[in-house]
file protein_22.tsv (TSV, C-alpha atoms)
chain	number	residue	atom	x	y	z
A	558	MET	CA	28.29	45.30	-41.79
A	559	LYS	CA	30.67	44.86	-44.70
A	560	CYS	CA	31.33	41.85	-46.91
A	561	ARG	CA	34.59	40.27	-45.76
A	562	LYS	CA	35.63	39.53	-49.33
A	563	CYS	CA	34.87	42.74	-51.21
A	564	GLY	CA	33.76	45.36	-48.68
A	565	LYS	CA	30.29	45.97	-50.14
A	566	ALA	CA	27.22	45.93	-47.89
A	567	ALA	CA	26.74	42.45	-46.41
A	568	VAL	CA	23.39	40.69	-46.79
A	569	ILE	CA	24.13	37.80	-44.46
A	570	ASN	CA	26.28	37.29	-41.40
A	571	MET	CA	27.30	33.70	-40.66
A	572	ARG	CA	28.59	33.75	-37.10
A	573	GLN	CA	29.66	30.13	-37.19
A	574	HIS	CA	32.14	31.05	-39.92
A	575	ARG	CA	32.84	34.59	-38.66
A	576	LEU	CA	31.91	35.53	-42.20
A	577	ALA	CA	29.63	38.25	-43.56
A	578	LEU	CA	29.08	38.38	-47.31
A	579	CYS	CA	27.39	40.62	-49.87
A	580	GLN	CA	24.84	39.19	-52.27
A	581	GLU	CA	27.31	38.52	-55.11
A	582	CYS	CA	29.96	36.90	-52.93
A	583	PHE	CA	27.35	34.84	-51.09
A	584	LEU	CA	25.92	33.53	-54.37
A	585	ALA	CA	29.44	32.37	-55.27
A	586	TRP	CA	30.31	31.06	-51.79
A	587	VAL	CA	27.38	28.66	-51.41
A	588	PRO	CA	28.13	26.57	-54.54
A	589	GLU	CA	31.79	26.51	-53.47
A	590	GLN	CA	30.77	24.96	-50.16
A	591	VAL	CA	28.66	22.39	-51.97
A	592	GLN	CA	31.52	21.53	-54.34
A	593	ARG	CA	33.82	21.10	-51.33
A	594	ALA	CA	31.33	18.74	-49.71
A	595	ILE	CA	30.96	16.73	-52.93
A	596	GLU	CA	34.75	16.30	-53.12
A	597	ARG	CA	35.44	15.90	-49.40
A	598	PHE	CA	32.84	13.15	-49.00
A	599	ASP	CA	33.39	11.64	-52.44
A	600	MET	CA	29.77	11.98	-53.42
A	601	PHE	CA	29.98	11.70	-57.20
A	602	ALA	CA	32.31	12.44	-60.10
A	603	PRO	CA	32.09	15.44	-62.46
A	604	ASN	CA	30.61	13.42	-65.32
A	605	ASP	CA	28.17	11.42	-63.22
A	606	ARG	CA	24.41	11.72	-63.72
A	607	VAL	CA	22.73	12.70	-60.48
A	608	LEU	CA	19.08	12.38	-59.56
A	609	VAL	CA	17.88	15.15	-57.22
A	610	ALA	CA	14.84	14.51	-55.05
A	611	VAL	CA	12.85	17.74	-55.20
A	612	SER	CA	9.93	18.63	-53.01
A	613	GLY	CA	9.43	22.17	-54.28
A	614	GLY	CA	10.95	23.49	-51.04
A	615	LYS	CA	13.91	25.81	-50.55
A	616	ASP	CA	16.57	23.16	-49.91
A	617	SER	CA	15.85	20.77	-52.76
A	618	LEU	CA	15.28	23.46	-55.39
A	619	SER	CA	18.40	25.33	-54.25
A	620	LEU	CA	20.36	22.08	-54.39
A	621	TRP	CA	19.19	21.45	-57.93
A	622	ASP	CA	20.03	25.04	-58.89
A	623	ILE	CA	23.52	24.74	-57.40
A	624	LEU	CA	24.30	21.39	-59.04
A	625	LEU	CA	23.22	22.77	-62.41
A	626	ARG	CA	25.34	25.92	-61.88
A	627	LEU	CA	28.31	23.72	-60.99
A	628	GLY	CA	27.84	21.94	-64.32
A	629	TYR	CA	26.56	18.59	-63.14
A	630	ALA	CA	24.08	16.52	-65.16
A	631	ALA	CA	21.34	16.76	-62.55
A	632	ASP	CA	17.77	15.63	-63.20
A	633	GLY	CA	14.96	16.04	-60.69
A	634	VAL	CA	12.27	13.73	-59.37
A	635	TYR	CA	9.11	15.05	-57.79
A	636	ILE	CA	6.77	12.63	-56.01
A	637	ASN	CA	3.15	13.75	-55.69
A	638	LEU	CA	1.88	12.28	-52.43
A	639	GLY	CA	-1.72	13.41	-52.94
A	640	ILE	CA	-1.85	15.77	-49.97
A	641	SER	CA	-4.79	17.99	-50.81
A	642	ASP	CA	-4.81	19.90	-47.49
A	643	GLY	CA	-3.96	23.45	-48.54
A	644	GLU	CA	-3.35	22.06	-52.05
A	645	TYR	CA	0.07	21.23	-50.70
A	646	SER	CA	0.98	18.57	-53.25
A	647	ASP	CA	-0.37	20.46	-56.26
A	648	LEU	CA	1.36	23.70	-55.24
A	649	SER	CA	4.69	22.06	-54.58
A	650	GLN	CA	4.52	20.10	-57.84
A	651	ARG	CA	3.90	23.34	-59.70
A	652	ARG	CA	6.97	24.91	-58.08
A	653	ALA	CA	9.12	21.97	-59.12
A	654	GLU	CA	7.77	22.02	-62.69
A	655	GLN	CA	8.19	25.79	-62.95
A	656	PHE	CA	11.82	25.46	-61.87
A	657	ALA	CA	12.47	22.69	-64.39
A	658	ARG	CA	10.90	24.74	-67.18
A	659	GLN	CA	12.98	27.82	-66.36
A	660	TYR	CA	16.17	25.80	-66.54
A	661	GLY	CA	15.21	23.46	-69.34
A	662	ALA	CA	15.99	20.67	-66.88
A	663	THR	CA	14.50	17.17	-66.80
A	664	LEU	CA	11.96	16.51	-64.06
A	665	HIS	CA	10.46	13.06	-63.48
A	666	VAL	CA	7.01	13.39	-61.89
A	667	ILE	CA	5.54	10.38	-60.11
A	668	ASP	CA	1.99	10.55	-58.79
A	669	VAL	CA	1.50	8.01	-56.00
A	670	ALA	CA	-2.30	7.84	-56.29
A	671	GLN	CA	-2.13	7.47	-60.05
A	672	ARG	CA	0.53	4.78	-60.00
A	673	TYR	CA	-0.47	2.80	-56.93
A	674	GLY	CA	-4.16	3.56	-56.54
A	675	ARG	CA	-4.16	5.53	-53.31
A	676	SER	CA	-2.68	8.77	-51.99
A	677	ILE	CA	-0.55	8.85	-48.84
A	678	PRO	CA	-3.31	10.40	-46.68
A	679	GLU	CA	-5.72	7.72	-47.91
A	680	VAL	CA	-3.33	4.94	-46.99
A	681	ALA	CA	-2.55	6.44	-43.61
A	682	ARG	CA	-6.22	7.01	-42.80
A	683	ARG	CA	-6.55	3.29	-42.23
A	684	LYS	CA	-3.98	3.39	-39.46
A	685	ARG	CA	-3.71	5.72	-36.48
A	686	GLY	CA	-1.14	8.06	-35.03
A	687	ARG	CA	1.75	9.60	-36.94
A	688	SER	CA	2.06	6.70	-39.39
A	689	THR	CA	1.34	9.17	-42.23
A	690	CYS	CA	4.95	10.33	-41.97
A	691	GLY	CA	6.28	6.79	-41.71
A	692	THR	CA	4.24	5.70	-44.74
A	693	CYS	CA	5.33	8.78	-46.69
A	694	GLY	CA	9.00	8.10	-45.95
A	695	LEU	CA	8.72	4.45	-46.97
A	696	VAL	CA	6.94	5.29	-50.24
A	697	LYS	CA	9.27	8.14	-51.22
A	698	ARG	CA	12.43	6.14	-50.55
A	699	HIS	CA	11.19	3.17	-52.54
A	700	ILE	CA	10.17	5.26	-55.52
A	701	MET	CA	13.35	7.39	-55.56
A	702	ASN	CA	15.58	4.37	-55.23
A	703	GLU	CA	13.78	2.46	-57.95
A	704	LEU	CA	14.02	5.37	-60.40
A	705	ALA	CA	17.67	6.09	-59.60
A	706	CYS	CA	18.63	2.46	-60.20
A	707	GLU	CA	16.47	1.77	-63.26
A	708	ALA	CA	17.51	4.98	-65.01
A	709	GLY	CA	21.17	4.43	-64.17
A	710	TYR	CA	21.92	7.51	-62.06
A	711	SER	CA	25.23	7.42	-60.18
A	712	ALA	CA	23.72	8.99	-57.08
A	713	LEU	CA	20.48	10.09	-55.53
A	714	ALA	CA	20.85	13.52	-53.90
A	715	THR	CA	18.55	14.95	-51.24
A	716	GLY	CA	18.44	18.50	-49.90
A	717	HIS	CA	19.25	17.70	-46.26
A	718	ASN	CA	21.18	20.56	-44.66
A	719	MET	CA	23.32	20.80	-41.50
A	720	ASP	CA	20.32	21.68	-39.35
A	721	ASP	CA	18.49	18.55	-40.54
A	722	GLU	CA	21.48	16.33	-39.80
A	723	ALA	CA	22.13	17.91	-36.41
A	724	ALA	CA	18.49	17.46	-35.39
A	725	VAL	CA	18.47	13.80	-36.43
A	726	LEU	CA	21.79	13.24	-34.65
A	727	PHE	CA	20.37	14.87	-31.53
A	728	GLN	CA	17.29	12.64	-31.71
A	729	ASN	CA	19.39	9.51	-32.24
A	730	ALA	CA	21.65	10.51	-29.34
A	731	LEU	CA	18.71	11.14	-27.01
A	732	HIS	CA	17.60	7.58	-27.64
A	733	TRP	CA	21.10	6.16	-27.95
A	734	ALA	CA	19.95	4.52	-31.16
A	735	THR	CA	23.33	3.03	-31.92
A	736	GLY	CA	22.11	1.36	-35.10
A	737	TYR	CA	21.20	4.74	-36.58
A	738	LEU	CA	24.24	6.46	-35.09
A	739	ALA	CA	26.45	3.91	-36.79
A	740	ARG	CA	24.93	4.72	-40.18
A	741	GLN	CA	24.24	8.46	-40.16
A	742	ALA	CA	26.46	10.03	-42.81
A	743	PRO	CA	26.58	12.52	-45.70
A	744	VAL	CA	27.01	9.59	-48.07
A	745	LEU	CA	25.35	6.18	-47.99
A	746	PRO	CA	27.19	4.05	-50.55
A	747	ALA	CA	25.22	1.53	-52.57
A	748	SER	CA	25.57	-1.63	-50.50
A	749	HIS	CA	23.53	-3.69	-52.97
A	750	PRO	CA	23.30	-3.62	-56.79
A	751	ARG	CA	19.71	-2.38	-56.54
A	752	LEU	CA	20.41	0.34	-53.98
A	753	ALA	CA	21.36	3.79	-55.20
A	754	CYS	CA	24.18	5.71	-53.57
A	755	LYS	CA	22.51	8.43	-51.45
A	756	VAL	CA	24.21	11.78	-50.94
A	757	LYS	CA	23.51	15.03	-49.10
A	758	PRO	CA	25.50	17.77	-50.85
A	759	LEU	CA	24.07	20.57	-48.65
A	760	VAL	CA	25.29	18.92	-45.47
A	761	ARG	CA	27.80	21.66	-44.59
A	762	LEU	CA	25.27	24.47	-44.93
A	763	TYR	CA	22.95	25.86	-42.28
A	764	GLU	CA	19.24	26.02	-43.01
A	765	ARG	CA	19.32	29.79	-42.73
A	766	GLU	CA	21.96	29.96	-45.46
A	767	MET	CA	19.86	27.79	-47.77
A	768	ALA	CA	16.85	30.03	-47.25
A	769	ALA	CA	19.01	33.09	-47.93
A	770	TYR	CA	20.38	31.46	-51.07
A	771	ALA	CA	16.93	30.69	-52.43
A	772	LEU	CA	15.82	34.23	-51.65
A	773	VAL	CA	18.69	36.10	-53.29
A	774	ARG	CA	18.76	33.69	-56.22
A	775	GLY	CA	15.07	34.38	-56.79
A	776	ILE	CA	14.05	30.73	-56.55
A	777	ASP	CA	10.29	30.42	-56.23
A	778	TYR	CA	9.78	27.76	-53.57
A	779	ILE	CA	6.81	26.65	-51.53
A	780	TYR	CA	6.88	28.40	-48.13
A	781	ALA	CA	4.12	26.31	-46.62
A	782	GLU	CA	5.10	23.26	-44.61
A	783	CYS	CA	3.54	19.84	-45.05
A	784	PRO	CA	0.28	19.98	-43.09
A	785	TYR	CA	1.18	16.68	-41.43
A	786	SER	CA	4.42	18.04	-39.99
A	787	LYS	CA	2.72	20.16	-37.31
A	788	GLY	CA	4.22	19.29	-33.94
A	789	ALA	CA	6.86	17.02	-35.40
A	790	THR	CA	9.68	16.26	-32.98
A	791	THR	CA	12.45	17.16	-35.43
A	792	LEU	CA	11.08	20.70	-35.57
A	793	PHE	CA	11.21	20.85	-31.79
A	794	TYR	CA	14.81	19.61	-31.79
A	795	LYS	CA	15.75	22.17	-34.43
A	796	ASP	CA	14.39	24.93	-32.19
A	797	LEU	CA	16.39	23.62	-29.24
A	798	LEU	CA	19.57	23.44	-31.27
A	799	ASN	CA	18.98	26.97	-32.51
A	800	GLU	CA	18.75	28.16	-28.90
A	801	LEU	CA	22.11	26.54	-28.34
A	802	GLU	CA	23.53	28.02	-31.54
A	803	VAL	CA	22.57	31.58	-30.57
A	804	ARG	CA	24.45	31.18	-27.29
A	805	SER	CA	27.32	29.29	-28.86
A	806	PRO	CA	27.83	30.08	-32.57
A	807	GLY	CA	29.01	27.01	-34.44
A	808	ALA	CA	27.54	24.55	-31.93
A	809	LYS	CA	25.37	22.78	-34.52
A	810	GLN	CA	28.19	22.22	-36.95
A	811	GLN	CA	30.66	21.17	-34.27
A	812	PHE	CA	28.11	18.72	-32.85
A	813	TYR	CA	27.63	17.08	-36.24
A	814	LEU	CA	31.14	17.25	-37.72
A	815	HIS	CA	32.89	16.14	-34.53
A	816	PHE	CA	30.39	13.30	-34.23
A	817	LEU	CA	31.29	12.12	-37.75
A	818	GLN	CA	34.97	12.28	-36.96
A	819	ALA	CA	34.67	10.48	-33.61
A	820	ARG	CA	32.41	7.80	-35.08
A	821	ASN	CA	34.55	7.25	-38.18
A	822	GLU	CA	37.72	6.98	-36.07
A	823	GLY	CA	36.10	4.31	-33.95
A	824	ARG	CA	36.05	6.42	-30.81
A	825	LEU	CA	32.28	6.16	-30.35
A	826	LEU	CA	30.81	2.84	-31.33
A	827	PRO	CA	32.26	-0.54	-32.17
A	828	LEU	CA	33.35	-0.22	-35.77
A	829	GLU	CA	32.52	-3.77	-36.84
A	830	GLU	CA	30.41	-3.88	-39.99
A	831	GLN	CA	26.80	-4.52	-39.11
A	832	GLU	CA	26.19	-7.20	-41.69
A	833	VAL	CA	22.60	-6.82	-42.75
A	834	GLU	CA	21.24	-9.73	-44.75
A	835	LEU	CA	19.64	-8.14	-47.79
A	836	GLY	CA	17.44	-10.28	-49.98
A	837	GLU	CA	15.25	-9.16	-52.88
A	838	CYS	CA	11.52	-8.54	-52.76
A	839	THR	CA	9.64	-11.32	-54.56
A	840	ARG	CA	7.42	-8.77	-56.27
A	841	CYS	CA	9.48	-5.67	-57.10
A	842	GLY	CA	13.01	-6.99	-56.69
A	843	GLN	CA	14.18	-4.18	-54.45
A	844	PRO	CA	16.44	-4.99	-51.50
A	845	THR	CA	14.68	-6.02	-48.29
A	846	THR	CA	15.41	-7.71	-44.99
A	847	ALA	CA	11.95	-9.31	-45.05
A	848	PRO	CA	11.64	-12.93	-46.26
A	849	GLU	CA	9.28	-12.30	-49.20
A	850	LEU	CA	7.67	-8.94	-49.86
A	851	CYS	CA	9.41	-5.67	-49.01
A	852	ALA	CA	7.65	-3.21	-46.70
A	853	PHE	CA	6.55	-1.14	-49.67
A	854	CYS	CA	4.88	-4.01	-51.54
A	855	ARG	CA	3.37	-5.25	-48.28
A	856	LEU	CA	1.82	-1.82	-47.81
A	857	TRP	CA	-0.04	-1.99	-51.12
A	858	GLU	CA	-1.02	-5.61	-50.55
A	859	VAL	CA	-2.67	-4.64	-47.29
A	860	GLU	CA	-4.30	-1.73	-49.12
A	861	THR	CA	-5.76	-3.97	-51.83
A	862	ALA	CA	-6.97	-6.50	-49.24
A	863	ALA	CA	-8.62	-3.74	-47.20
A	864	GLN	CA	-10.19	-2.30	-50.33
A	865	ASN	CA	-11.62	-5.68	-51.26
A	866	ARG	CA	-13.00	-6.23	-47.75
A	867	HIS	CA	-14.60	-2.81	-47.83
A	868	SER	CA	-16.27	-3.25	-51.19
A	869	HIS	CA	-17.35	-6.79	-50.27
A	870	ALA	CA	-18.95	-5.46	-47.08
A	871	ALA	CA	-20.63	-2.69	-49.07
A	872	ARG	CA	-21.99	-5.25	-51.53
A	873	THR	CA	-23.26	-7.71	-48.89
A	874	GLU	CA	-24.89	-4.89	-46.96
A	875	GLY	CA	-27.00	-4.14	-49.96
A	876	LEU	CA	-28.52	-7.64	-49.95
B	624	MET	CA	7.85	50.74	-38.08
B	625	LYS	CA	6.11	47.53	-39.09
B	626	ILE	CA	7.51	44.06	-38.60
B	627	ILE	CA	5.72	41.31	-40.49
B	628	HIS	CA	6.08	37.64	-39.62
B	629	ARG	CA	3.79	34.90	-40.90
B	630	ASN	CA	0.96	37.37	-41.67
B	631	LYS	CA	1.17	38.91	-38.16
B	632	VAL	CA	1.99	42.62	-38.10
B	633	TYR	CA	3.85	44.17	-35.17
B	634	GLU	CA	4.15	47.93	-34.75
B	635	PHE	CA	7.07	49.60	-32.98
B	636	THR	CA	8.30	53.17	-32.54
B	637	GLY	CA	11.80	54.59	-32.26
B	638	ARG	CA	15.02	53.22	-33.69
B	639	THR	CA	16.21	49.66	-33.16
B	640	THR	CA	18.52	47.11	-34.69
B	641	VAL	CA	17.07	44.17	-36.60
B	642	ARG	CA	18.58	41.94	-33.92
B	643	ASP	CA	16.58	43.69	-31.18
B	644	LEU	CA	13.40	43.59	-33.26
B	645	ILE	CA	13.77	39.83	-33.74
B	646	LYS	CA	14.15	39.50	-29.98
B	647	LYS	CA	11.16	41.76	-29.30
B	648	VAL	CA	8.97	39.63	-31.56
B	649	GLY	CA	10.18	36.57	-29.65
B	650	LEU	CA	11.96	34.79	-32.49
B	651	ASN	CA	15.32	33.08	-32.71
B	652	PRO	CA	17.81	34.86	-35.02
B	653	GLN	CA	18.94	31.50	-36.40
B	654	ALA	CA	15.39	30.73	-37.43
B	655	VAL	CA	14.66	33.88	-39.46
B	656	LEU	CA	15.91	36.13	-42.23
B	657	ALA	CA	15.13	39.85	-42.36
B	658	VAL	CA	14.05	41.50	-45.60
B	659	ARG	CA	13.59	45.24	-46.20
B	660	ASP	CA	12.43	46.59	-49.57
B	661	GLY	CA	12.88	43.14	-51.02
B	662	ARG	CA	16.53	42.94	-49.92
B	663	LEU	CA	18.14	40.74	-47.31
B	664	ILE	CA	19.62	42.72	-44.40
B	665	THR	CA	21.98	41.75	-41.57
B	666	ASP	CA	20.92	42.04	-37.95
B	667	ASP	CA	23.06	45.10	-37.16
B	668	VAL	CA	20.98	47.24	-39.52
B	669	ILE	CA	19.00	49.99	-37.77
B	670	VAL	CA	15.30	50.27	-38.56
B	671	SER	CA	13.26	53.39	-37.82
B	672	GLY	CA	10.42	55.65	-38.90
B	673	ASP	CA	7.81	54.07	-41.17
B	674	GLU	CA	9.97	51.25	-42.55
B	675	THR	CA	8.64	47.74	-42.97
B	676	VAL	CA	10.73	44.68	-42.31
B	677	LYS	CA	9.59	41.18	-43.18
B	678	LEU	CA	10.88	38.28	-41.06
B	679	ILE	CA	10.96	35.04	-43.01
B	680	SER	CA	11.01	31.73	-41.16
B	681	VAL	CA	13.69	29.38	-42.41
B	682	VAL	CA	13.02	26.20	-40.45
B	683	SER	CA	11.29	23.47	-42.43
B	684	GLY	CA	10.80	19.76	-42.30
B	685	GLY	CA	9.28	17.29	-39.94

call {"tool": "encode", "arguments": {"input": "protein_22.tsv", "output": "structure tokens"}}
result
Amino acid sequence: MKCRKCGKAAVINMRQHRLALCQECFLAWVPEQVQRAIERFDMFAPNDRVLVAVSGGKDSLSLWDILLRLGYAADGVYINLGISDGEYSDLSQRRAEQFARQYGATLHVIDVAQRYGRSIPEVARRKRGRSTCGTCGLVKRHIMNELACEAGYSALATGHNMDDEAAVLFQNALHWATGYLARQAPVLPASHPRLACKVKPLVRLYEREMAAYALVRGIDYIYAECPYSKGATTLFYKDLLNELEVRSPGAKQQFYLHFLQARNEGRLLPLEEQEVELGECTRCGQPTTAPELCAFCRLWEVETAAQNRHSHAARTEGL
Amino acid sequence: MKIIHRNKVYEFTGRTTVRDLIKKVGLNPQAVLAVRDGRLITDDVIVSGDETVKLISVVSGG
């Protein structure tokens, strides 16, 4: 197969674009797609400072690489969740730090156990079921948002790709979760002075393309998946959508992009603004719909209370 | 030829395309990338003899 642009040997064939590219042309094409997405969805301006949430995985490190190549002032933030299973957190932190060193880029590192007293697995151990993932999501979002706002970044960028968005859309559609369907977008503008604008610059790119990019660019990312993600439903939905994509090239991107268009043109859901009353947390000041403490601060309050009960019980038992 | 995926090694004889090998191993072409001699190859490439192809899974998240 030949590269459609220059005729050299192709390294990747993207059926959904009817486009096969050689290594050099592919390495130029991917950042072009990202730049188009940034402009098309009005994500941020050329001189804006962007905070990139990096996990050490292929998408987030590739995103950071691309933004730096495109000349943006992009700093990274890595959140160590304290997942010791397979040294997952330590390994992924090392990948993020290695990347930052190679580029001379700024990486903020926040260790949850160090800062808040407990790791994510420790917090989740108290509860049952898949609340580890829910807790992780709550903690990461709070921390990223707080840093983005306090340090004055124009936008917080995450490495979500087209496959991620299509899987979430599929999940939301299966449940007809109209609240989520109304909000799912490549850009979430800051609807409150203490909420950062959240953007997904990789949204137009397939997961396979991001993996190929990281590979040919020589980006050292962590291959292992989070040990808690085994059996996650989004992975199942991704597999299903890939079955569909093989039969019908372009199905994933049509599903997502046509959804955005239909929703934004009011052809799907009532377009009226869902006015959410946002107050400020009495402890940390971050936006919340709760009357006093936000979900994040409530989490650590419960943790401290549980810790005190536990040590009290341990002390009284000794009597 | 050897096909390696997630530390599992599959042995095949003859000549086949990467696309057919991916199918034989039971994987989805959208979910993998094929690498030979450290280089990315497209699925029309023919593999034979004592070549080794690594299939890298691309799906992540949860």

call {"tool": "closest_atom_pairs", "arguments": {"input": "protein_22.tsv", "of": "chain A", "to": "chain B", "cutoff": "6 Å", "atoms": "all atoms listed in the file", "output": "CSV"}}
result
residue,atom,partner,partner_atom,distance
A:Val568,CA,B:Ile664,CA,4.9
A:Ile569,CA,B:Thr665,CA,5.3
A:Arg765,CA,B:Val681,CA,5.7
A:Ala768,CA,B:Val681,CA,5.8
A:Ser786,CA,B:Gly685,CA,4.9
A:Ala789,CA,B:Gly685,CA,5.2
A:Thr791,CA,B:Gly685,CA,5.5
A:Leu792,CA,B:Gly685,CA,5.8
A:Asn799,CA,B:Gln653,CA,6.0

call {"tool": "atom_distance", "arguments": {"input": "protein_22.tsv", "atom1": "atom CA of A:Val680", "atom2": "atom CA of A:Glu654"}}
result
25.7 Å

call {"tool": "residues_around", "arguments": {"input": "protein_22.tsv", "residues": "stretch 694-707 of chain A", "least_positions_apart": "5", "cutoff": "8 Å", "atoms": "only C-alpha atoms", "output": "PyMOL selection string"}}
result
chain A and resi 608+610+634+636+712-713+751-753+843+852-853

call {"tool": "write_last_selection", "arguments": {"input": "protein_22.tsv", "atoms": "C-alpha atoms", "output": "PDB file, in the coordinates of the input"}}
result
ATOM      1  CA  LEU A 608      19.080  12.380 -59.560  1.00  0.00           C
ATOM      2  CA  ALA A 610      14.840  14.510 -55.050  1.00  0.00           C
ATOM      3  CA  VAL A 634      12.270  13.730 -59.370  1.00  0.00           C
ATOM      4  CA  ILE A 636       6.770  12.630 -56.010  1.00  0.00           C
ATOM      5  CA  ALA A 712      23.720   8.990 -57.080  1.00  0.00           C
ATOM      6  CA  LEU A 713      20.480  10.090 -55.530  1.00  0.00           C
ATOM      7  CA  ARG A 751      19.710  -2.380 -56.540  1.00  0.00           C
ATOM      8  CA  LEU A 752      20.410   0.340 -53.980  1.00  0.00           C
ATOM      9  CA  ALA A 753      21.360   3.790 -55.200  1.00  0.00           C
ATOM     10  CA  GLN A 843      14.180  -4.180 -54.450  1.00  0.00           C
ATOM     11  CA  ALA A 852       7.650  -3.210 -46.700  1.00  0.00           C
ATOM     12  CA  PHE A 853       6.550  -1.140 -49.670  1.00  0.00           C
TER      13      PHE A 853
END

call {"tool": "residues_near_point", "arguments": {"input": "protein_22.tsv", "point": "(18.4, 47.8, -34.7)", "cutoff": "8 Å", "atoms": "all atoms listed in the file", "output": "list in words"}}
result
Arg638, Thr639, Thr640, Val641, Arg642, Asp643, Leu644, Asp666, Asp667, Val668, Ile669 and Val670 of chain B

call {"tool": "residues_around", "arguments": {"input": "protein_22.tsv", "residues": "B:Val648", "least_positions_apart": "4", "cutoff": "10 Å", "atoms": "all atoms listed in the file", "output": "list of chain:residue names"}}
result
B:Ile626, B:Ile627, B:His628, B:Tyr633, B:Asp643, B:Leu644, B:Leu678

call {"tool": "closest_residue", "arguments": {"input": "protein_22.tsv", "among": "B:Lys625, B:Val676, B:Thr636, B:Lys647", "to": "B:Asp660", "atoms": "all atoms listed in the file"}}
result
B:Val676

call {"tool": "closest_residue", "arguments": {"input": "protein_22.tsv", "among": "A:Arg740, A:Lys565, A:Arg820, A:Arg774", "to": "A:Leu584", "atoms": "only C-alpha atoms"}}
result
A:Arg774

call {"tool": "atom_distance", "arguments": {"input": "protein_22.tsv", "atom1": "atom CA of A:Ala681", "atom2": "atom CA of A:Val611"}}
result
22.3 Å

call {"tool": "residues_around", "arguments": {"input": "protein_22.tsv", "residues": "B:Met624", "least_positions_apart": "2", "cutoff": "7 Å", "atoms": "all atoms listed in the file", "output": "list in words"}}
result
Ile626, Glu634, Phe635, Thr636, Ser671, Gly672, Asp673, Glu674 and Thr675 of chain B

call {"tool": "residues_around", "arguments": {"input": "protein_22.tsv", "residues": "A:Phe727", "least_positions_apart": "6", "cutoff": "10 Å", "atoms": "only C-alpha atoms", "output": "number ranges by chain"}}
result
A: 721, 733, 738, 791, 794-795, 797-798, 809, 812-813

call {"tool": "write_last_selection", "arguments": {"input": "protein_22.tsv", "atoms": "C-alpha atoms", "output": "JSON list (two decimals), in the coordinates of the input"}}
result
[["chain", "number", "residue", "atom", "x", "y", "z"],
["A", 721, "ASP", "CA", 18.49, 18.55, -40.54],
["A", 733, "TRP", "CA", 21.10, 6.16, -27.95],
["A", 738, "LEU", "CA", 24.24, 6.46, -35.09],
["A", 791, "THR", "CA", 12.45, 17.16, -35.43],
["A", 794, "TYR", "CA", 14.81, 19.61, -31.79],
["A", 795, "LYS", "CA", 15.75, 22.17, -34.43],
["A", 797, "LEU", "CA", 16.39, 23.62, -29.24],
["A", 798, "LEU", "CA", 19.57, 23.44, -31.27],
["A", 809, "LYS", "CA", 25.37, 22.78, -34.52],
["A", 812, "PHE", "CA", 28.11, 18.72, -32.85],
["A", 813, "TYR", "CA", 27.63, 17.08, -36.24]]

call {"tool": "atom_distance", "arguments": {"input": "protein_22.tsv", "atom1": "atom CA of A:Gly639", "atom2": "atom CA of A:Cys690"}}
result
13.2 Å

call {"tool": "closest_residue", "arguments": {"input": "protein_22.tsv", "among": "A:Arg683, A:His749, A:Lys757, A:His869", "to": "A:Asp599", "atoms": "all atoms listed in the file"}}
result
A:Lys757

call {"tool": "residues_near_point", "arguments": {"input": "protein_22.tsv", "point": "(18.3, -9.1, -46.7)", "cutoff": "6 Å", "atoms": "all atoms listed in the file", "output": "PyMOL selection string"}}
result
chain A and resi 834-836+845-846

call {"tool": "closest_residue", "arguments": {"input": "protein_22.tsv", "among": "A:Ala747, A:Leu762, A:Ala714, A:Leu850", "to": "A:Glu589", "atoms": "all atoms listed in the file"}}
result
A:Leu762

call {"tool": "closest_residue", "arguments": {"input": "protein_22.tsv", "among": "A:Gln741, A:Thr663, A:Thr715, A:Thr873", "to": "A:Asp632", "atoms": "only C-alpha atoms"}}
result
A:Thr663

call {"tool": "build_atoms", "arguments": {"input": "protein_22.tsv", "residues": "stretch 662-669 of chain B", "atoms": "N, CA and C atoms", "output": "PDB file, in the coordinates of the input"}}
result
ATOM      1  N   ARG B 662      15.120  43.333 -50.034  1.00  0.00           N
ATOM      2  CA  ARG B 662      16.530  42.940 -49.920  1.00  0.00           C
ATOM      3  C   ARG B 662      16.834  42.361 -48.541  1.00  0.00           C
ATOM      4  N   LEU B 663      17.714  41.386 -48.546  1.00  0.00           N
ATOM      5  CA  LEU B 663      18.140  40.740 -47.310  1.00  0.00           C
ATOM      6  C   LEU B 663      19.031  41.713 -46.528  1.00  0.00           C
ATOM      7  N   ILE B 664      18.773  41.833 -45.213  1.00  0.00           N
ATOM      8  CA  ILE B 664      19.620  42.720 -44.400  1.00  0.00           C
ATOM      9  C   ILE B 664      20.173  41.963 -43.188  1.00  0.00           C
ATOM     10  N   THR B 665      21.341  42.376 -42.731  1.00  0.00           N
ATOM     11  CA  THR B 665      21.980  41.750 -41.570  1.00  0.00           C
ATOM     12  C   THR B 665      21.390  42.337 -40.287  1.00  0.00           C
ATOM     13  N   ASP B 666      21.636  41.648 -39.162  1.00  0.00           N
ATOM     14  CA  ASP B 666      20.920  42.040 -37.950  1.00  0.00           C
ATOM     15  C   ASP B 666      21.472  43.273 -37.231  1.00  0.00           C
ATOM     16  N   ASP B 667      22.543  43.881 -37.773  1.00  0.00           N
ATOM     17  CA  ASP B 667      23.060  45.100 -37.160  1.00  0.00           C
ATOM     18  C   ASP B 667      22.395  46.344 -37.768  1.00  0.00           C
ATOM     19  N   VAL B 668      21.619  46.120 -38.826  1.00  0.00           N
ATOM     20  CA  VAL B 668      20.980  47.240 -39.520  1.00  0.00           C
ATOM     21  C   VAL B 668      19.952  47.907 -38.609  1.00  0.00           C
ATOM     22  N   ILE B 669      19.937  49.245 -38.622  1.00  0.00           N
ATOM     23  CA  ILE B 669      19.000  49.990 -37.770  1.00  0.00           C
ATOM     24  C   ILE B 669      17.733  50.318 -38.560  1.00  0.00           C
TER      25      ILE B 669
END
